[in-house]
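K.L.:
For reference, this is coords_15.txt, and it has compact mmCIF, N, CA and C atoms.
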# COMPACT_ATOMS: atom_id res chain seq x y z
N GLN A 1 -8.71 -11.80 -32.09
CA GLN A 1 -8.90 -12.34 -30.78
C GLN A 1 -8.55 -11.26 -29.76
N ALA A 2 -9.40 -11.09 -28.80
CA ALA A 2 -9.20 -10.06 -27.78
C ALA A 2 -8.32 -10.61 -26.67
N ALA A 3 -7.52 -9.74 -26.09
CA ALA A 3 -6.68 -10.11 -24.95
C ALA A 3 -7.35 -9.57 -23.69
N PHE A 4 -7.49 -10.42 -22.70
CA PHE A 4 -8.08 -10.01 -21.45
C PHE A 4 -6.97 -9.72 -20.45
N VAL A 5 -7.09 -8.62 -19.76
CA VAL A 5 -6.04 -8.18 -18.87
C VAL A 5 -6.62 -8.00 -17.48
N ASP A 6 -5.97 -8.59 -16.49
CA ASP A 6 -6.36 -8.38 -15.10
C ASP A 6 -5.73 -7.07 -14.65
N CYS A 7 -6.50 -6.20 -14.06
CA CYS A 7 -6.01 -4.88 -13.68
C CYS A 7 -5.39 -4.87 -12.30
N ALA A 8 -4.45 -5.73 -12.06
CA ALA A 8 -3.70 -5.70 -10.81
C ALA A 8 -2.57 -4.70 -11.02
N ILE A 9 -2.82 -3.44 -10.70
CA ILE A 9 -1.92 -2.35 -11.04
C ILE A 9 -1.52 -1.61 -9.77
N SER A 10 -0.26 -1.23 -9.70
CA SER A 10 0.21 -0.43 -8.58
C SER A 10 1.01 0.74 -9.13
N PHE A 11 0.63 1.95 -8.81
CA PHE A 11 1.30 3.14 -9.30
C PHE A 11 1.73 4.00 -8.12
N VAL A 12 3.01 4.02 -7.85
CA VAL A 12 3.54 4.79 -6.74
C VAL A 12 3.27 6.27 -6.94
N ALA A 13 3.42 6.76 -8.20
CA ALA A 13 3.25 8.18 -8.48
C ALA A 13 1.83 8.65 -8.17
N MET A 14 0.84 7.72 -8.22
CA MET A 14 -0.54 8.09 -7.97
C MET A 14 -0.96 7.74 -6.54
N ASN A 15 -0.01 7.25 -5.75
CA ASN A 15 -0.30 6.81 -4.39
C ASN A 15 -1.40 5.76 -4.35
N LEU A 16 -1.41 4.91 -5.36
CA LEU A 16 -2.40 3.84 -5.44
C LEU A 16 -1.66 2.52 -5.37
N ALA A 17 -1.73 1.86 -4.26
CA ALA A 17 -1.02 0.59 -4.09
C ALA A 17 -2.03 -0.54 -4.07
N ASN A 18 -2.74 -0.74 -5.16
CA ASN A 18 -3.76 -1.77 -5.24
C ASN A 18 -3.18 -2.97 -5.98
N SER A 19 -2.99 -4.06 -5.29
CA SER A 19 -2.48 -5.25 -5.96
C SER A 19 -3.62 -6.08 -6.52
N CYS A 20 -4.84 -5.82 -6.09
CA CYS A 20 -5.98 -6.58 -6.57
C CYS A 20 -7.18 -5.65 -6.68
N ARG A 21 -7.27 -4.93 -7.76
CA ARG A 21 -8.31 -3.92 -7.98
C ARG A 21 -9.65 -4.59 -8.21
N SER A 22 -10.67 -4.13 -7.51
CA SER A 22 -12.03 -4.63 -7.69
C SER A 22 -12.95 -3.44 -7.90
N GLY A 23 -13.56 -3.37 -9.06
CA GLY A 23 -14.52 -2.31 -9.34
C GLY A 23 -13.90 -1.10 -9.99
N PRO A 24 -14.72 -0.34 -10.69
CA PRO A 24 -14.25 0.88 -11.36
C PRO A 24 -13.69 1.89 -10.38
N ARG A 25 -12.90 2.80 -10.90
CA ARG A 25 -12.27 3.84 -10.09
C ARG A 25 -13.31 4.85 -9.59
N THR A 26 -13.00 5.46 -8.46
CA THR A 26 -13.83 6.53 -7.92
C THR A 26 -13.38 7.83 -8.54
N PRO A 27 -14.31 8.63 -9.13
CA PRO A 27 -13.88 9.90 -9.71
C PRO A 27 -13.10 10.74 -8.71
N GLY A 28 -11.96 11.24 -9.16
CA GLY A 28 -11.09 12.05 -8.31
C GLY A 28 -9.97 11.25 -7.65
N GLU A 29 -10.09 9.93 -7.63
CA GLU A 29 -9.06 9.08 -7.03
C GLU A 29 -7.72 9.32 -7.73
N GLY A 30 -6.67 9.53 -6.99
CA GLY A 30 -5.35 9.75 -7.56
C GLY A 30 -5.04 11.19 -7.94
N ALA A 31 -5.98 12.11 -7.69
CA ALA A 31 -5.73 13.52 -8.03
C ALA A 31 -4.65 14.09 -7.12
N SER A 32 -3.84 14.96 -7.70
CA SER A 32 -2.77 15.60 -6.92
C SER A 32 -3.37 16.65 -6.00
N THR A 33 -2.91 16.63 -4.76
CA THR A 33 -3.38 17.64 -3.80
C THR A 33 -2.27 18.62 -3.47
N ASP A 34 -1.03 18.24 -3.73
CA ASP A 34 0.11 19.11 -3.46
C ASP A 34 0.97 19.15 -4.71
N TYR A 35 0.83 20.21 -5.49
CA TYR A 35 1.56 20.31 -6.74
C TYR A 35 3.01 20.70 -6.53
N GLY A 36 3.35 21.23 -5.40
CA GLY A 36 4.73 21.63 -5.14
C GLY A 36 5.17 22.75 -6.07
N TYR A 37 6.31 23.31 -5.78
CA TYR A 37 6.83 24.38 -6.61
C TYR A 37 7.80 23.81 -7.63
N PRO A 38 7.76 24.33 -8.85
CA PRO A 38 8.74 23.88 -9.85
C PRO A 38 10.16 24.16 -9.36
N THR A 39 11.06 23.28 -9.71
CA THR A 39 12.47 23.43 -9.36
C THR A 39 13.28 23.42 -10.65
N ALA A 40 14.58 23.43 -10.53
CA ALA A 40 15.43 23.33 -11.72
C ALA A 40 15.20 22.01 -12.44
N ASP A 41 14.68 21.01 -11.72
CA ASP A 41 14.38 19.71 -12.33
C ASP A 41 12.98 19.66 -12.91
N GLY A 42 12.26 20.77 -12.89
CA GLY A 42 10.92 20.80 -13.46
C GLY A 42 9.83 20.67 -12.42
N ARG A 43 8.62 20.41 -12.92
CA ARG A 43 7.45 20.26 -12.06
C ARG A 43 7.23 18.77 -11.79
N PRO A 44 6.88 18.42 -10.56
CA PRO A 44 6.64 17.00 -10.27
C PRO A 44 5.44 16.46 -11.05
N THR A 45 5.43 15.16 -11.26
CA THR A 45 4.31 14.51 -11.94
C THR A 45 3.03 14.75 -11.15
N SER A 46 1.97 15.13 -11.86
CA SER A 46 0.72 15.40 -11.17
C SER A 46 -0.47 15.13 -12.08
N SER A 47 -1.61 14.94 -11.46
CA SER A 47 -2.87 14.78 -12.16
C SER A 47 -3.88 15.73 -11.52
N MET A 48 -4.39 16.65 -12.32
CA MET A 48 -5.31 17.65 -11.80
C MET A 48 -6.64 17.04 -11.36
N HIS A 49 -7.14 16.06 -12.12
CA HIS A 49 -8.47 15.51 -11.85
C HIS A 49 -8.46 14.09 -11.32
N GLY A 50 -7.32 13.38 -11.39
CA GLY A 50 -7.28 11.98 -10.98
C GLY A 50 -8.09 11.13 -11.94
N TRP A 51 -8.52 9.98 -11.45
CA TRP A 51 -9.33 9.08 -12.28
C TRP A 51 -10.70 9.70 -12.53
N GLN A 52 -11.18 9.55 -13.75
CA GLN A 52 -12.50 10.05 -14.12
C GLN A 52 -13.27 8.97 -14.86
N THR A 53 -14.58 9.03 -14.79
CA THR A 53 -15.42 8.13 -15.56
C THR A 53 -15.57 8.74 -16.95
N ALA A 54 -14.98 8.09 -17.95
CA ALA A 54 -15.04 8.59 -19.32
C ALA A 54 -16.38 8.26 -19.96
N ALA A 55 -16.93 7.07 -19.65
CA ALA A 55 -18.21 6.66 -20.23
C ALA A 55 -18.74 5.45 -19.47
N THR A 56 -20.05 5.28 -19.51
CA THR A 56 -20.69 4.07 -19.01
C THR A 56 -21.69 3.61 -20.05
N ALA A 57 -21.85 2.30 -20.16
CA ALA A 57 -22.84 1.72 -21.07
C ALA A 57 -23.22 0.36 -20.49
N GLY A 58 -24.48 0.21 -20.12
CA GLY A 58 -24.92 -1.05 -19.50
C GLY A 58 -24.05 -1.36 -18.29
N PRO A 59 -23.52 -2.59 -18.19
CA PRO A 59 -22.69 -2.97 -17.04
C PRO A 59 -21.22 -2.59 -17.20
N TYR A 60 -20.88 -1.79 -18.22
CA TYR A 60 -19.48 -1.43 -18.50
C TYR A 60 -19.18 0.00 -18.05
N THR A 61 -17.96 0.21 -17.54
CA THR A 61 -17.48 1.53 -17.15
C THR A 61 -16.09 1.71 -17.73
N LEU A 62 -15.86 2.86 -18.38
CA LEU A 62 -14.56 3.21 -18.92
C LEU A 62 -14.00 4.34 -18.08
N ASN A 63 -12.85 4.08 -17.42
CA ASN A 63 -12.18 5.09 -16.60
C ASN A 63 -10.95 5.61 -17.33
N VAL A 64 -10.60 6.88 -17.05
CA VAL A 64 -9.41 7.49 -17.65
C VAL A 64 -8.63 8.24 -16.58
N TYR A 65 -7.31 8.19 -16.71
CA TYR A 65 -6.40 8.91 -15.81
C TYR A 65 -5.37 9.62 -16.68
N GLU A 66 -5.17 10.91 -16.45
CA GLU A 66 -4.20 11.69 -17.21
C GLU A 66 -3.28 12.41 -16.23
N GLU A 67 -1.97 12.33 -16.50
CA GLU A 67 -1.02 13.06 -15.68
C GLU A 67 0.04 13.69 -16.58
N SER A 68 0.75 14.65 -16.03
CA SER A 68 1.80 15.32 -16.79
C SER A 68 2.93 15.75 -15.87
N ASP A 69 4.08 16.00 -16.46
CA ASP A 69 5.19 16.59 -15.72
C ASP A 69 6.02 17.40 -16.70
N ASN A 70 6.88 18.24 -16.14
CA ASN A 70 7.71 19.12 -16.95
C ASN A 70 9.14 18.99 -16.47
N ASP A 71 10.07 18.87 -17.44
CA ASP A 71 11.47 18.66 -17.05
C ASP A 71 12.24 19.94 -16.76
N GLY A 72 11.60 21.09 -16.90
CA GLY A 72 12.26 22.36 -16.62
C GLY A 72 13.00 22.93 -17.82
N ASP A 73 13.16 22.14 -18.89
CA ASP A 73 13.85 22.60 -20.09
C ASP A 73 12.89 22.74 -21.28
N GLY A 74 11.61 22.84 -21.01
CA GLY A 74 10.63 23.04 -22.08
C GLY A 74 9.96 21.77 -22.57
N MET A 75 10.30 20.61 -22.03
CA MET A 75 9.68 19.35 -22.43
C MET A 75 8.61 18.99 -21.42
N THR A 76 7.38 18.81 -21.87
CA THR A 76 6.30 18.37 -21.03
C THR A 76 5.92 16.95 -21.44
N SER A 77 5.86 16.05 -20.48
CA SER A 77 5.52 14.65 -20.72
C SER A 77 4.11 14.38 -20.22
N TYR A 78 3.40 13.54 -20.96
CA TYR A 78 2.01 13.21 -20.62
C TYR A 78 1.86 11.70 -20.57
N THR A 79 1.03 11.24 -19.65
CA THR A 79 0.67 9.82 -19.56
C THR A 79 -0.86 9.75 -19.52
N THR A 80 -1.41 8.88 -20.34
CA THR A 80 -2.85 8.64 -20.35
C THR A 80 -3.08 7.15 -20.14
N MET A 81 -4.01 6.82 -19.23
CA MET A 81 -4.34 5.42 -19.00
C MET A 81 -5.86 5.26 -18.99
N HIS A 82 -6.32 4.20 -19.65
CA HIS A 82 -7.74 3.84 -19.64
C HIS A 82 -7.89 2.44 -19.03
N GLU A 83 -8.98 2.24 -18.33
CA GLU A 83 -9.35 0.92 -17.82
C GLU A 83 -10.83 0.70 -18.15
N LEU A 84 -11.14 -0.48 -18.72
CA LEU A 84 -12.51 -0.85 -19.03
C LEU A 84 -12.94 -1.94 -18.07
N TYR A 85 -14.05 -1.69 -17.37
CA TYR A 85 -14.58 -2.64 -16.39
C TYR A 85 -15.91 -3.21 -16.87
N PHE A 86 -16.08 -4.51 -16.63
CA PHE A 86 -17.37 -5.17 -16.74
C PHE A 86 -17.78 -5.46 -15.30
N ARG A 87 -18.78 -4.74 -14.85
CA ARG A 87 -19.17 -4.75 -13.44
C ARG A 87 -17.94 -4.43 -12.59
N ASP A 88 -17.44 -5.39 -11.79
CA ASP A 88 -16.29 -5.14 -10.93
C ASP A 88 -14.99 -5.74 -11.46
N ARG A 89 -15.01 -6.26 -12.68
CA ARG A 89 -13.82 -6.92 -13.24
C ARG A 89 -13.23 -6.09 -14.37
N CYS A 90 -11.94 -5.81 -14.28
CA CYS A 90 -11.26 -5.08 -15.34
C CYS A 90 -10.99 -6.04 -16.50
N VAL A 91 -11.47 -5.69 -17.70
CA VAL A 91 -11.30 -6.55 -18.86
C VAL A 91 -10.30 -6.00 -19.87
N TRP A 92 -9.88 -4.73 -19.70
CA TRP A 92 -8.95 -4.13 -20.67
C TRP A 92 -8.30 -2.91 -20.03
N THR A 93 -7.02 -2.71 -20.30
CA THR A 93 -6.32 -1.52 -19.83
C THR A 93 -5.25 -1.13 -20.84
N LYS A 94 -4.98 0.15 -20.95
CA LYS A 94 -3.96 0.65 -21.87
C LYS A 94 -3.35 1.91 -21.30
N LYS A 95 -2.03 2.03 -21.43
CA LYS A 95 -1.31 3.20 -20.94
C LYS A 95 -0.34 3.66 -22.03
N ASN A 96 -0.32 4.97 -22.31
CA ASN A 96 0.58 5.53 -23.30
C ASN A 96 1.29 6.75 -22.74
N HIS A 97 2.48 6.98 -23.27
CA HIS A 97 3.28 8.15 -22.91
C HIS A 97 3.58 8.95 -24.17
N TRP A 98 3.54 10.27 -24.04
CA TRP A 98 3.99 11.13 -25.13
C TRP A 98 4.52 12.42 -24.55
N ALA A 99 5.31 13.12 -25.33
CA ALA A 99 5.96 14.35 -24.85
C ALA A 99 5.91 15.43 -25.92
N ARG A 100 5.85 16.66 -25.46
CA ARG A 100 5.84 17.82 -26.35
C ARG A 100 6.97 18.75 -25.92
N GLY A 101 7.79 19.15 -26.89
CA GLY A 101 8.89 20.06 -26.60
C GLY A 101 9.13 20.99 -27.78
N ILE A 102 10.20 21.72 -27.72
CA ILE A 102 10.54 22.67 -28.77
C ILE A 102 10.72 21.98 -30.11
N ALA A 103 11.29 20.77 -30.09
CA ALA A 103 11.58 20.05 -31.33
C ALA A 103 10.40 19.23 -31.85
N GLY A 104 9.26 19.24 -31.16
CA GLY A 104 8.09 18.50 -31.65
C GLY A 104 7.49 17.58 -30.60
N MET A 105 6.71 16.63 -31.11
CA MET A 105 6.02 15.69 -30.25
C MET A 105 6.57 14.28 -30.48
N TYR A 106 6.66 13.51 -29.39
CA TYR A 106 7.23 12.17 -29.45
C TYR A 106 6.33 11.20 -28.70
N GLY A 107 6.45 9.92 -29.02
CA GLY A 107 5.70 8.89 -28.32
C GLY A 107 4.38 8.59 -29.01
N THR A 108 3.50 7.90 -28.31
CA THR A 108 2.19 7.54 -28.85
C THR A 108 1.09 8.03 -27.93
N ASN A 109 -0.06 8.27 -28.52
CA ASN A 109 -1.24 8.56 -27.71
C ASN A 109 -2.38 7.71 -28.21
N HIS A 110 -3.41 7.62 -27.41
CA HIS A 110 -4.54 6.76 -27.78
C HIS A 110 -5.86 7.38 -27.35
N THR A 111 -6.94 6.86 -27.91
CA THR A 111 -8.28 7.23 -27.50
C THR A 111 -9.08 5.94 -27.28
N ALA A 112 -10.06 6.01 -26.41
CA ALA A 112 -10.94 4.87 -26.13
C ALA A 112 -12.36 5.40 -26.00
N GLU A 113 -13.30 4.68 -26.60
CA GLU A 113 -14.71 5.09 -26.57
C GLU A 113 -15.59 3.89 -26.23
N LEU A 114 -16.65 4.15 -25.53
CA LEU A 114 -17.63 3.14 -25.16
C LEU A 114 -18.99 3.65 -25.60
N GLU A 115 -19.68 2.85 -26.43
CA GLU A 115 -20.96 3.31 -26.97
C GLU A 115 -22.02 2.22 -26.87
N GLU A 116 -23.24 2.63 -26.52
CA GLU A 116 -24.36 1.71 -26.50
C GLU A 116 -25.31 2.07 -27.62
N ALA A 117 -25.62 1.10 -28.49
CA ALA A 117 -26.51 1.33 -29.64
C ALA A 117 -27.97 1.25 -29.19
N ASP A 118 -28.86 1.69 -30.07
CA ASP A 118 -30.29 1.66 -29.77
C ASP A 118 -30.79 0.24 -29.48
N ASP A 119 -30.14 -0.77 -30.09
CA ASP A 119 -30.58 -2.16 -29.87
C ASP A 119 -30.01 -2.76 -28.59
N GLY A 120 -29.24 -1.95 -27.81
CA GLY A 120 -28.69 -2.42 -26.55
C GLY A 120 -27.30 -3.01 -26.66
N SER A 121 -26.79 -3.20 -27.88
CA SER A 121 -25.43 -3.73 -28.03
C SER A 121 -24.43 -2.65 -27.62
N ILE A 122 -23.29 -3.10 -27.11
CA ILE A 122 -22.28 -2.17 -26.60
C ILE A 122 -20.99 -2.38 -27.39
N MET A 123 -20.45 -1.30 -27.94
CA MET A 123 -19.22 -1.34 -28.72
C MET A 123 -18.13 -0.57 -27.98
N PHE A 124 -16.91 -1.10 -28.08
CA PHE A 124 -15.74 -0.44 -27.51
C PHE A 124 -14.78 -0.16 -28.66
N LYS A 125 -14.37 1.10 -28.80
CA LYS A 125 -13.48 1.50 -29.88
C LYS A 125 -12.19 2.06 -29.29
N TYR A 126 -11.08 1.66 -29.92
CA TYR A 126 -9.76 2.07 -29.45
C TYR A 126 -8.92 2.45 -30.66
N SER A 127 -8.18 3.55 -30.55
CA SER A 127 -7.23 3.91 -31.60
C SER A 127 -5.93 4.37 -30.96
N VAL A 128 -4.83 4.07 -31.63
CA VAL A 128 -3.50 4.45 -31.15
C VAL A 128 -2.67 4.89 -32.34
N GLY A 129 -1.84 5.90 -32.11
CA GLY A 129 -0.99 6.39 -33.19
C GLY A 129 0.10 7.29 -32.66
N PRO A 130 0.96 7.73 -33.57
CA PRO A 130 2.05 8.62 -33.15
C PRO A 130 1.52 9.95 -32.64
N ALA A 131 2.11 10.45 -31.57
CA ALA A 131 1.68 11.73 -31.00
C ALA A 131 1.88 12.87 -31.98
N SER A 132 2.84 12.72 -32.87
CA SER A 132 3.13 13.78 -33.84
C SER A 132 2.15 13.80 -35.01
N GLY A 133 1.18 12.88 -35.02
CA GLY A 133 0.21 12.82 -36.10
C GLY A 133 0.52 11.65 -37.03
N GLY A 134 -0.35 11.44 -37.97
CA GLY A 134 -0.15 10.32 -38.88
C GLY A 134 -1.30 9.34 -38.78
N ASN A 135 -1.06 8.13 -39.25
CA ASN A 135 -2.12 7.13 -39.28
C ASN A 135 -2.27 6.43 -37.94
N ASP A 136 -3.50 6.41 -37.46
CA ASP A 136 -3.82 5.69 -36.23
C ASP A 136 -4.26 4.27 -36.58
N THR A 137 -3.97 3.34 -35.69
CA THR A 137 -4.50 1.99 -35.79
C THR A 137 -5.79 1.97 -34.99
N LYS A 138 -6.87 1.50 -35.62
CA LYS A 138 -8.17 1.51 -34.96
C LYS A 138 -8.68 0.08 -34.79
N GLU A 139 -9.27 -0.18 -33.63
CA GLU A 139 -9.85 -1.49 -33.34
C GLU A 139 -11.22 -1.28 -32.71
N THR A 140 -12.13 -2.21 -32.99
CA THR A 140 -13.48 -2.15 -32.45
C THR A 140 -13.86 -3.53 -31.93
N TRP A 141 -14.48 -3.56 -30.75
CA TRP A 141 -14.95 -4.80 -30.16
C TRP A 141 -16.43 -4.68 -29.81
N LEU A 142 -17.15 -5.77 -29.97
CA LEU A 142 -18.50 -5.92 -29.44
C LEU A 142 -18.33 -6.47 -28.03
N LEU A 143 -18.96 -5.84 -27.04
CA LEU A 143 -18.86 -6.29 -25.66
C LEU A 143 -20.12 -7.06 -25.29
N CYS A 144 -19.93 -8.24 -24.74
CA CYS A 144 -21.08 -9.08 -24.41
C CYS A 144 -20.76 -9.93 -23.20
N GLY A 145 -21.41 -9.67 -22.08
CA GLY A 145 -21.24 -10.48 -20.88
C GLY A 145 -19.81 -10.53 -20.36
N GLY A 146 -19.06 -9.47 -20.54
CA GLY A 146 -17.68 -9.42 -20.07
C GLY A 146 -16.68 -9.89 -21.12
N ASP A 147 -17.16 -10.43 -22.26
CA ASP A 147 -16.29 -10.85 -23.34
C ASP A 147 -16.11 -9.72 -24.33
N MET A 148 -14.92 -9.67 -24.94
CA MET A 148 -14.62 -8.69 -25.98
C MET A 148 -14.48 -9.46 -27.30
N ILE A 149 -15.39 -9.20 -28.23
CA ILE A 149 -15.40 -9.89 -29.51
C ILE A 149 -14.94 -8.92 -30.58
N LYS A 150 -13.77 -9.21 -31.18
CA LYS A 150 -13.19 -8.32 -32.20
C LYS A 150 -14.18 -8.16 -33.34
N HIS A 151 -14.41 -6.92 -33.71
CA HIS A 151 -15.40 -6.60 -34.75
C HIS A 151 -14.71 -6.30 -36.05
Go through the file and emit its structure as structure tokens.
P.N.:
Amino acid sequence: QAAFVDCAISFVAMNLANSCRSGPRTPGEGASTDYGYPTADGRPTSSMHGWQTAATAGPYTLNVYEESDNDGDGMTSYTTMHELYFRDRCVWTKKNHWARGIAGMYGTNHTAELEEADDGSIMFKYSVGPASGGNDTKETWLLCGGDMIKH
């Protein structure tokens, strides 16, 4: 059974204060314009490209946002977020954090794909796993009229 998520999201770090998001993200939205200088506390959280359109298929749009920061001691942290829209309604969202440092990688990362088959059917694929490698959990949904049907 698929879980439907309303994308009422507010992210201070991205300067996006949307309590009621309508429609897919605009490419470049949330991109950092002032990276600032690194300090003893590291580099501030930033996103070079902001929100991007990862894929479109029929009435569906998959958006992705990636940001990173550095703590100044060799640890770089990453955040990846995906949002799947059916027309102007967000039907799925996922956010993961992971970090890379001298001692290895920690946390989880994920991938999301949107594909349209020759017959017009639209599939959404998602996988999540440890950032350090290993077995990913994979899920696939058939998308139909804004519904997500577990495949």
K.L.:
Could you list, as a ChimeraX atom specification, every residue within 6.5 Å of A:Arg89, counting only N, CA and C atoms and ignoring same-chain residues fewer than 3 positions away?
P.N.:
/A:22-24,84-86,92
K.L.:
In Å to one decimal, how far is atom CA of A:Lys125 from atom N of A:Thr140?
P.N.:
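Going from atom N of A:Thr140 over to atom CA of A:Lys125, I get 5.0 Å.
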K.L.:
Extending 8 Å beyond the listed atoms of stretch 76-85 of chain A on each side, what axis-aligned box results? I want centre and edge lengths in Å to one decimal, as AutoDock Vina command-line options.
P.N.:
--center_x -4.3 --center_y 7.8 --center_z -19.1 --size_x 39.3 --size_y 38.0 --size_z 21.5
K.L.:
Go through A:Asp136, A:Asp147, A:Glu29, A:Glu116 and flag the residue nearest A:Gly58, using all atoms listed in the file for the distances.
P.N.:
A:Glu116
K.L.:
Provide the atom N of A:Asp73 to atom N of A:Gly104 distance in Å, to one decimal place.
P.N.:
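Separation of atom N of A:Asp73 and atom N of A:Gly104: 13.2 Å.
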K.L.:
Ranking A:Leu62, A:Ile149, A:His110, A:Met123 by minimum distance to A:Asn135 and counting only C-alpha atoms, which one comes first?
P.N.:
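Smallest distance to A:Asn135 is found for A:His110.
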K.L.:
DSSP on the backbone, then: every residue of stretch 62-148 of chain A marked strand (DSSP E), written as a PyMOL selection string.
P.N.:
chain A and resi 62-70+76-86+89-101+104-116+122-130+137-144+147-148
K.L.:
Would you compute the distance between atom C of A:Ile122 and atom C of A:Lys138? Give it in Å to one decimal.
P.N.:
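These two atoms are separated by 14.6 Å.
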K.L.:
Calculated over only C-alpha atoms, which of the candidates A:Gly133, A:Arg25, A:Lys150, A:Thr61 has the smallest distance to A:Val91?
P.N.:
A:Thr61
